[in-house]
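One structure below.
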Amino acid sequence: MDVTTNQISVEKTKNTKINDVDFDNLSFGSIYMDHMLVCDYKNGAWEAPKVVPYQPISLDPSAKIFHYGQSIFEGMKAYKDESDTIWMFRPLDNHKRLNLSAKRLAIPEIPENYFMEGLKALLKTDSDWIPQSAGSSLYIRPFIFATGLGFHASPADEYKFVICGAPSGSYFSGEVKVLIEEKYSRSANGGVGFAKAGGNYAGQFYPTKLAQDKGYQQVIWTDDNTHEYIEEAGAMNVFVRINDTLLTCPTSDRILDGITRKSILKIAEDQGIKTEVRKIKVKELVDAAKDGSLKEMFGAGTAAVISPISGFGFRDTDYMLPSVDDSYATLLKNHITSIQYNKSEDKFGWRFKVE
């Protein structure tokens with residue numbers, strides 16, 4: 001069934017929370033806007049999406065999400081420019097990736113117009129929740145999870161698609177120090193590392209806590225087989241600058257095809273920055289840190305956009321990175337955010353106007 005924004009029913013809240021929000025002092029993802037989009041999958045088809053007041057979701061204890069973890073999500077942002085126009089950044093890529101995750105976890109795919117028209121209807125309903133203060137945006141969380149009942153180990157027959165939003169400030173403040181992980185793995189070949197499955201992140205929390213207990217903020221994941229190659233930085237893609245070349249790992253079964261990652265590579269190419277997409281050995285990273293050719297490291301993802309890495313730990317030794325005047329991280333972040341906030345030309349066609 002095709003739907004348009006005007007065909008999506010909207011139930012307005014009677015008790016807005018917006019007057020209690022300090023939009024000049026927003027943390028990340030901890031205050032939720034007045035409404036959410038909901039859509040149920042039953043009898044082999046997705047029902048019509050609708051916008052309703054933000055509220056708890058009631059589930060039966062036998063719902064399969066609790067037992068077999070069929071849960072996927074996306075991370076997006078909405079922005080307002082100086083003329084109060086709402087913009088999103090590459091939302092069709094988020095829809096495509098959500099369905100790639102759905103397919104891998106045997107979840108029914110969500111139709112594109114349900115996703116896009118539902119998203120537009122929700123943003124129009126809660127447009128006042130999109131902040132305009134510098135560095136702030138509306139973080140958007142679409143997700144799908146199994147609501148069908150049963151203890152049998154099989155895919156559910158019912159699911160719920162939800163989109164919620166949270167006006168947010170910066171994800172990370174300042175630079176991040178990371179620990180290269182050699183024991184635990186984020187994912188494996190043939191697994192679900194490329195999908196945005198909830199279980200991927202649950203499995204990261206314990207090794208990350210061990211790193212935090214040692215004074216680091218995040219871990220650098222290495223390959224599951226030999227732990228010789230770096231792969232991701234916490235929940236983000238990782239970039240390394242050696243001399244004037246920007247390196248990042250190729251995507252695979254283990255590595256998420258990040259939308260920010262793809263954007264960075266395209267902008268870097270456009271700016272004349274030499275890039276290489278290839279495997280990066282831990283030894284190469286350590287050697288570059290020792291001889292001074294390692295200029296920058298940073299994580300890249302929707303929440304933080306770009307998060308500079310100030311240093312890394314490996315086998316009880318810390319390697320600190322120098323301050324550089326011509327920081328690629330700063331240059332690339334400024335280019336991406338200026339497109340997102342409608343402050344510069346969008347030659348790549350990434351900006352999406354909500355109207």
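Please note that chains go A, B, ... in the order of the structure tokens, that every chain numbers its residues from 1, and that ligands are numbered from 1 in the order shown.
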
Taking the DSSP secondary structure from the backbone, can you list the residues of segment 228-324 of chain A that are strand (DSSP E or B), as a short mmCIF file (atom, residue, chain, number, x, y, z; two decimals) with N, CA, C and O atoms, in the first residue's frame?
```cif
data_model
loop_
_atom_site.label_atom_id
_atom_site.label_comp_id
_atom_site.auth_asym_id
_atom_site.auth_seq_id
_atom_site.Cartn_x
_atom_site.Cartn_y
_atom_site.Cartn_z
N TYR A 229 44.56 -6.43 12.41
CA TYR A 229 44.08 -5.29 11.64
C TYR A 229 43.03 -4.50 12.44
O TYR A 229 42.14 -5.09 13.05
N ILE A 230 43.12 -3.17 12.40
CA ILE A 230 42.09 -2.37 13.05
C ILE A 230 40.85 -2.36 12.16
O ILE A 230 40.94 -2.50 10.93
N GLU A 231 39.66 -2.19 12.78
CA GLU A 231 38.43 -2.25 11.98
C GLU A 231 37.45 -1.12 12.30
O GLU A 231 36.97 -0.44 11.40
N GLU A 232 37.08 -0.93 13.55
CA GLU A 232 36.16 0.14 13.90
C GLU A 232 36.60 0.79 15.20
O GLU A 232 37.34 0.20 15.99
N ALA A 233 36.10 2.01 15.44
CA ALA A 233 36.41 2.74 16.66
C ALA A 233 35.14 2.83 17.49
O ALA A 233 34.27 3.65 17.21
N MET A 236 31.81 3.46 15.81
CA MET A 236 32.02 4.31 14.65
C MET A 236 33.02 3.68 13.69
O MET A 236 33.82 2.84 14.08
N ASN A 237 32.98 4.12 12.44
CA ASN A 237 34.05 3.80 11.50
C ASN A 237 35.30 4.58 11.90
O ASN A 237 35.21 5.65 12.52
N VAL A 238 36.46 4.06 11.56
CA VAL A 238 37.71 4.70 11.98
C VAL A 238 38.51 5.15 10.76
O VAL A 238 38.55 4.46 9.73
N PHE A 239 39.09 6.34 10.87
CA PHE A 239 39.97 6.90 9.85
C PHE A 239 41.34 7.18 10.45
O PHE A 239 41.44 7.56 11.62
N VAL A 240 42.37 6.98 9.64
CA VAL A 240 43.76 7.20 10.06
C VAL A 240 44.45 8.06 9.01
O VAL A 240 44.35 7.77 7.80
N ARG A 241 45.13 9.10 9.44
CA ARG A 241 45.93 9.91 8.52
C ARG A 241 47.41 9.63 8.76
O ARG A 241 47.93 9.91 9.84
N ILE A 242 48.05 9.06 7.76
CA ILE A 242 49.50 8.84 7.81
C ILE A 242 50.13 9.77 6.78
O ILE A 242 49.80 9.69 5.59
N THR A 245 47.99 11.11 3.69
CA THR A 245 47.04 10.14 3.13
C THR A 245 46.03 9.73 4.19
O THR A 245 46.40 9.40 5.32
N LEU A 246 44.76 9.76 3.81
CA LEU A 246 43.67 9.39 4.72
C LEU A 246 43.26 7.94 4.43
O LEU A 246 42.88 7.61 3.31
N LEU A 247 43.37 7.09 5.45
CA LEU A 247 43.08 5.67 5.31
C LEU A 247 41.83 5.28 6.07
O LEU A 247 41.57 5.80 7.16
N THR A 248 41.09 4.33 5.53
CA THR A 248 40.01 3.70 6.28
C THR A 248 39.87 2.27 5.80
O THR A 248 40.31 1.91 4.71
N LYS A 274 44.31 12.74 -0.65
CA LYS A 274 44.54 11.37 -1.08
C LYS A 274 43.93 10.40 -0.08
O LYS A 274 44.15 10.52 1.14
N THR A 275 43.15 9.45 -0.56
CA THR A 275 42.52 8.46 0.31
C THR A 275 42.88 7.05 -0.14
O THR A 275 43.14 6.82 -1.33
N GLU A 276 42.88 6.15 0.82
CA GLU A 276 43.07 4.73 0.53
C GLU A 276 42.08 3.93 1.36
O GLU A 276 41.98 4.15 2.58
N VAL A 277 41.35 3.05 0.72
CA VAL A 277 40.46 2.12 1.43
C VAL A 277 41.13 0.76 1.38
O VAL A 277 41.15 0.10 0.34
N ILE A 280 44.31 -2.04 7.46
CA ILE A 280 45.32 -1.28 8.19
C ILE A 280 45.82 -2.14 9.35
O ILE A 280 45.04 -2.48 10.26
N LYS A 281 47.08 -2.49 9.33
CA LYS A 281 47.64 -3.32 10.40
C LYS A 281 47.87 -2.50 11.66
O LYS A 281 48.24 -1.32 11.59
N LEU A 294 52.19 9.36 11.80
CA LEU A 294 50.77 9.29 12.17
C LEU A 294 50.32 10.68 12.62
O LEU A 294 50.70 11.14 13.69
N LYS A 295 49.52 11.34 11.79
CA LYS A 295 49.12 12.71 12.06
C LYS A 295 47.77 12.82 12.77
O LYS A 295 47.57 13.68 13.62
N GLU A 296 46.83 11.93 12.39
CA GLU A 296 45.47 12.03 12.95
C GLU A 296 44.81 10.66 12.96
O GLU A 296 45.10 9.80 12.13
N MET A 297 43.88 10.50 13.90
CA MET A 297 42.92 9.41 13.91
C MET A 297 41.58 9.99 14.32
O MET A 297 41.53 10.89 15.17
N PHE A 298 40.51 9.49 13.75
CA PHE A 298 39.20 9.94 14.20
C PHE A 298 38.14 8.90 13.88
O PHE A 298 38.27 8.10 12.96
N GLY A 299 37.09 8.90 14.70
CA GLY A 299 35.92 8.08 14.46
C GLY A 299 34.90 8.87 13.67
O GLY A 299 34.85 10.11 13.77
N ALA A 300 34.07 8.19 12.90
CA ALA A 300 33.06 8.85 12.08
C ALA A 300 31.73 8.11 12.19
O ALA A 300 31.67 6.89 12.04
N GLY A 301 30.67 8.87 12.46
CA GLY A 301 29.34 8.28 12.56
C GLY A 301 28.30 9.37 12.65
O GLY A 301 28.62 10.56 12.82
N VAL A 305 29.38 12.77 14.14
CA VAL A 305 29.88 13.20 12.83
C VAL A 305 31.36 12.78 12.73
O VAL A 305 31.69 11.80 12.09
N ILE A 306 32.25 13.55 13.36
CA ILE A 306 33.66 13.17 13.44
C ILE A 306 34.13 13.41 14.87
O ILE A 306 33.92 14.47 15.43
N SER A 307 34.76 12.39 15.45
CA SER A 307 35.26 12.48 16.82
C SER A 307 36.77 12.26 16.82
O SER A 307 37.23 11.14 16.60
N PRO A 308 37.57 13.32 17.02
CA PRO A 308 39.03 13.17 17.00
C PRO A 308 39.52 12.23 18.10
O PRO A 308 38.99 12.20 19.21
N ILE A 309 40.53 11.45 17.77
CA ILE A 309 41.17 10.53 18.71
C ILE A 309 42.52 11.14 19.09
O ILE A 309 43.35 11.41 18.23
N SER A 310 42.71 11.37 20.38
CA SER A 310 43.92 12.05 20.84
C SER A 310 45.09 11.09 21.03
O SER A 310 46.25 11.51 21.05
N GLY A 311 44.79 9.79 21.18
CA GLY A 311 45.85 8.81 21.37
C GLY A 311 45.27 7.42 21.51
O GLY A 311 44.06 7.25 21.66
N PHE A 312 46.15 6.41 21.44
CA PHE A 312 45.67 5.03 21.57
C PHE A 312 46.63 4.24 22.44
O PHE A 312 47.84 4.53 22.51
N GLY A 313 46.07 3.24 23.09
CA GLY A 313 46.86 2.34 23.90
C GLY A 313 46.99 0.99 23.24
O GLY A 313 46.02 0.49 22.64
N PHE A 314 48.19 0.41 23.35
CA PHE A 314 48.41 -0.93 22.77
C PHE A 314 49.48 -1.64 23.59
O PHE A 314 50.60 -1.15 23.73
N THR A 317 51.27 0.35 26.37
CA THR A 317 51.96 1.57 25.96
C THR A 317 50.95 2.52 25.32
O THR A 317 50.12 2.10 24.51
N ASP A 318 51.02 3.79 25.70
CA ASP A 318 50.15 4.81 25.11
C ASP A 318 50.92 5.57 24.03
O ASP A 318 52.09 5.93 24.22
N TYR A 319 50.24 5.83 22.94
CA TYR A 319 50.81 6.60 21.83
C TYR A 319 49.93 7.83 21.62
O TYR A 319 48.76 7.70 21.22
N MET A 320 50.45 9.00 21.90
CA MET A 320 49.68 10.23 21.78
C MET A 320 49.91 10.88 20.42
O MET A 320 51.02 10.86 19.89
#
```

note = Between A:Ile31, A:Leu256, A:Ala153, A:Ala211, smallest distance to Phe194 of chain A by only C-alpha atoms belongs to A:Leu256

request  = Run DSSP on the backbone of this structure and report the residues of segment 49-139 of chain A it assigns to alpha helix (DSSP H), as a PyMOL selection string.
outcome  = chain A and resi 65-68+91-104+112-125

ask   = Neighbours of Ala197 of chain A within 7 Å (only C-alpha atoms; same-chain residues fewer than 5 positions away dropped), as a ChimeraX atom specification?
value = /A:71-73,101

File of the preceding selection, N, CA and C atoms, as a PDB file, in the first residue's frame:
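Contents of result_28.pdb, as written:
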```
ATOM      1  N   SER A  71      16.002  -7.295  16.556  1.00  0.00           N
ATOM      2  CA  SER A  71      15.888  -5.850  16.767  1.00  0.00           C
ATOM      3  C   SER A  71      16.950  -5.143  15.938  1.00  0.00           C
ATOM      4  N   ILE A  72      16.528  -4.179  15.138  1.00  0.00           N
ATOM      5  CA  ILE A  72      17.442  -3.403  14.317  1.00  0.00           C
ATOM      6  C   ILE A  72      17.095  -1.927  14.453  1.00  0.00           C
ATOM      7  N   PHE A  73      18.045  -1.054  14.117  1.00  0.00           N
ATOM      8  CA  PHE A  73      17.781   0.376  14.258  1.00  0.00           C
ATOM      9  C   PHE A  73      18.628   1.165  13.274  1.00  0.00           C
ATOM     10  N   SER A 101      19.707  -4.566   7.115  1.00  0.00           N
ATOM     11  CA  SER A 101      19.714  -5.149   8.459  1.00  0.00           C
ATOM     12  C   SER A 101      18.515  -6.061   8.649  1.00  0.00           C
TER      13      SER A 101
END
```

Counting only C-alpha atoms, which residues of segment 56-107 of chain A fall within 12 Å of segment 165-179 of chain A, and what is the closest atom pair for each with its distance in Å at one decimal, ordered by chain and rising number, as a tab-separated table?
```
residue	atom	partner	partner_atom	distance
A:Glu74	CA	A:Gly165	CA	11.6
A:Gly75	CA	A:Gly165	CA	9.9
A:Met76	CA	A:Gly165	CA	9.3
A:Lys77	CA	A:Gly165	CA	8.7
A:Ala78	CA	A:Gly165	CA	9.2
A:Tyr79	CA	A:Pro167	CA	10.0
A:Lys80	CA	A:Pro167	CA	11.7
```

request  = Would you please work out which residue, of A:Glu11, A:Asp40, A:Asp213, A:Asp34, is nearest to Val162 of chain A when using only C-alpha atoms?
outcome  = A:Asp40

request  = Name all residues at most 9 Å from Ser185 of chain A (count only C-alpha atoms; drop same-chain ones fewer than 2 positions away) and give them as JSON, numbers by chain.
outcome  = {"A": [181, 182, 183, 187, 188, 203, 204, 207, 221, 222, 223, 224, 225, 227]}

Rows by chain and residue number, segment 97-181 of chain A within 7 Å of segment 2-7 of chain A, shortest pair, only C-alpha atoms, as CSV:
```
residue,atom,partner,partner_atom,distance
A:Asn113,CA,A:Val3,CA,6.5
A:Tyr114,CA,A:Val3,CA,6.6
A:Glu117,CA,A:Thr5,CA,4.8
A:Gly118,CA,A:Thr5,CA,6.5
A:Lys120,CA,A:Thr5,CA,6.6
A:Ala121,CA,A:Thr5,CA,5.3
```

Let's have the selection written as a JSON list (two decimals), in the first residue's frame, with N, CA, C and O atoms.
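Okay, this is what ended up in selection-v7.json:
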```json
[["chain", "number", "residue", "atom", "x", "y", "z"],
["A", 113, "ASN", "N", 8.23, 4.26, 1.00],
["A", 113, "ASN", "CA", 7.32, 5.38, 1.24],
["A", 113, "ASN", "C", 6.76, 5.37, 2.66],
["A", 113, "ASN", "O", 6.44, 6.43, 3.21],
["A", 114, "TYR", "N", 6.66, 4.20, 3.31],
["A", 114, "TYR", "CA", 6.28, 4.16, 4.72],
["A", 114, "TYR", "C", 7.34, 4.88, 5.55],
["A", 114, "TYR", "O", 7.03, 5.66, 6.46],
["A", 117, "GLU", "N", 7.62, 8.88, 4.13],
["A", 117, "GLU", "CA", 6.42, 9.67, 4.40],
["A", 117, "GLU", "C", 6.12, 9.70, 5.90],
["A", 117, "GLU", "O", 5.68, 10.73, 6.43],
["A", 118, "GLY", "N", 6.37, 8.59, 6.58],
["A", 118, "GLY", "CA", 6.19, 8.57, 8.03],
["A", 118, "GLY", "C", 7.14, 9.52, 8.72],
["A", 118, "GLY", "O", 6.77, 10.25, 9.65],
["A", 120, "LYS", "N", 8.56, 12.20, 7.41],
["A", 120, "LYS", "CA", 8.15, 13.59, 7.12],
["A", 120, "LYS", "C", 6.96, 14.00, 7.97],
["A", 120, "LYS", "O", 6.91, 15.12, 8.50],
["A", 121, "ALA", "N", 5.98, 13.11, 8.11],
["A", 121, "ALA", "CA", 4.80, 13.43, 8.92],
["A", 121, "ALA", "C", 5.19, 13.68, 10.37],
["A", 121, "ALA", "O", 4.67, 14.61, 11.02]]
```

Report as a compact mmCIF listing (two decimals) with all heavy atoms, in the first residue's frame all protein, DNA and RNA residues lying within 7 Å of Ala63 of chain A, evaluated on only C-alpha atoms, omitting residues in the same chain fewer than 4 positions from it.
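Output (around02.txt):
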```txt
# COMPACT_ATOMS: atom_id res chain seq x y z
N LEU A 59 4.22 -4.94 25.94
CA LEU A 59 4.56 -6.18 25.26
C LEU A 59 4.28 -7.39 26.16
O LEU A 59 4.46 -7.32 27.38
CB LEU A 59 6.04 -6.19 24.87
CG LEU A 59 6.48 -5.21 23.79
CD1 LEU A 59 8.00 -5.21 23.67
CD2 LEU A 59 5.84 -5.57 22.46
N ALA A 146 10.76 -7.47 17.08
CA ALA A 146 9.78 -8.55 17.03
C ALA A 146 8.78 -8.45 18.17
O ALA A 146 9.16 -8.41 19.34
CB ALA A 146 10.51 -9.90 17.09
N THR A 147 7.49 -8.43 17.83
CA THR A 147 6.43 -8.42 18.84
C THR A 147 5.66 -9.73 18.86
O THR A 147 4.88 -9.97 19.78
CB THR A 147 5.45 -7.27 18.57
OG1 THR A 147 4.93 -7.38 17.24
CG2 THR A 147 6.14 -5.93 18.73
N GLY A 148 5.85 -10.57 17.84
CA GLY A 148 5.15 -11.86 17.79
C GLY A 148 5.52 -12.74 18.97
O GLY A 148 6.62 -12.63 19.53
N LEU A 149 4.60 -13.61 19.35
CA LEU A 149 4.74 -14.38 20.58
C LEU A 149 5.30 -15.78 20.33
O LEU A 149 5.14 -16.34 19.24
CB LEU A 149 3.38 -14.51 21.27
CG LEU A 149 2.60 -13.20 21.47
CD1 LEU A 149 1.30 -13.47 22.22
CD2 LEU A 149 3.44 -12.16 22.20
N GLY A 150 5.95 -16.35 21.34
CA GLY A 150 6.37 -17.74 21.29
C GLY A 150 7.77 -17.97 21.78
O GLY A 150 8.66 -17.14 21.61
```

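Considering only C-alpha atoms, the residue among A:Phe89, A:Leu138, A:Lys160, A:Leu100 positioned nearest to Ala45 of chain A is A:Lys160.
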
ask   = Which residues come within 9 Å of Gln70 of chain A, counting only C-alpha atoms, excluding same-chain residues fewer than 4 positions away, as a list in words?
value = Lys64, Ile65, Phe66, Ala102, Leu105, Ala106, Ile107, Ile144, Phe145, Ala146, Pro155, Ala156, Ala197, Gly198 and Gly199 of chain A

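Within 9 Å of segment 15-17 of chain A there are A:Val21, A:Tyr32, A:Met33, A:Asp34, counting only C-alpha atoms and ignoring same-chain residues fewer than 4 positions away.
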
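Candidate residues A:Lys262, A:Ile180, A:Arg186, A:Asn200 were compared for distance to Asp316 of chain A, and the nearest is A:Ile180, using only C-alpha atoms.
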
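Counting only C-alpha atoms and comparing A:Ala268, A:Ser344, A:Ser30, A:Asp291, the residue that lies closest to Tyr139 of chain A is A:Ser30.
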
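Using only C-alpha atoms, the smallest distance between any of A:Asn43, A:Ile140, A:Leu321, A:Thr85 and Ile163 of chain A comes from A:Ile140.
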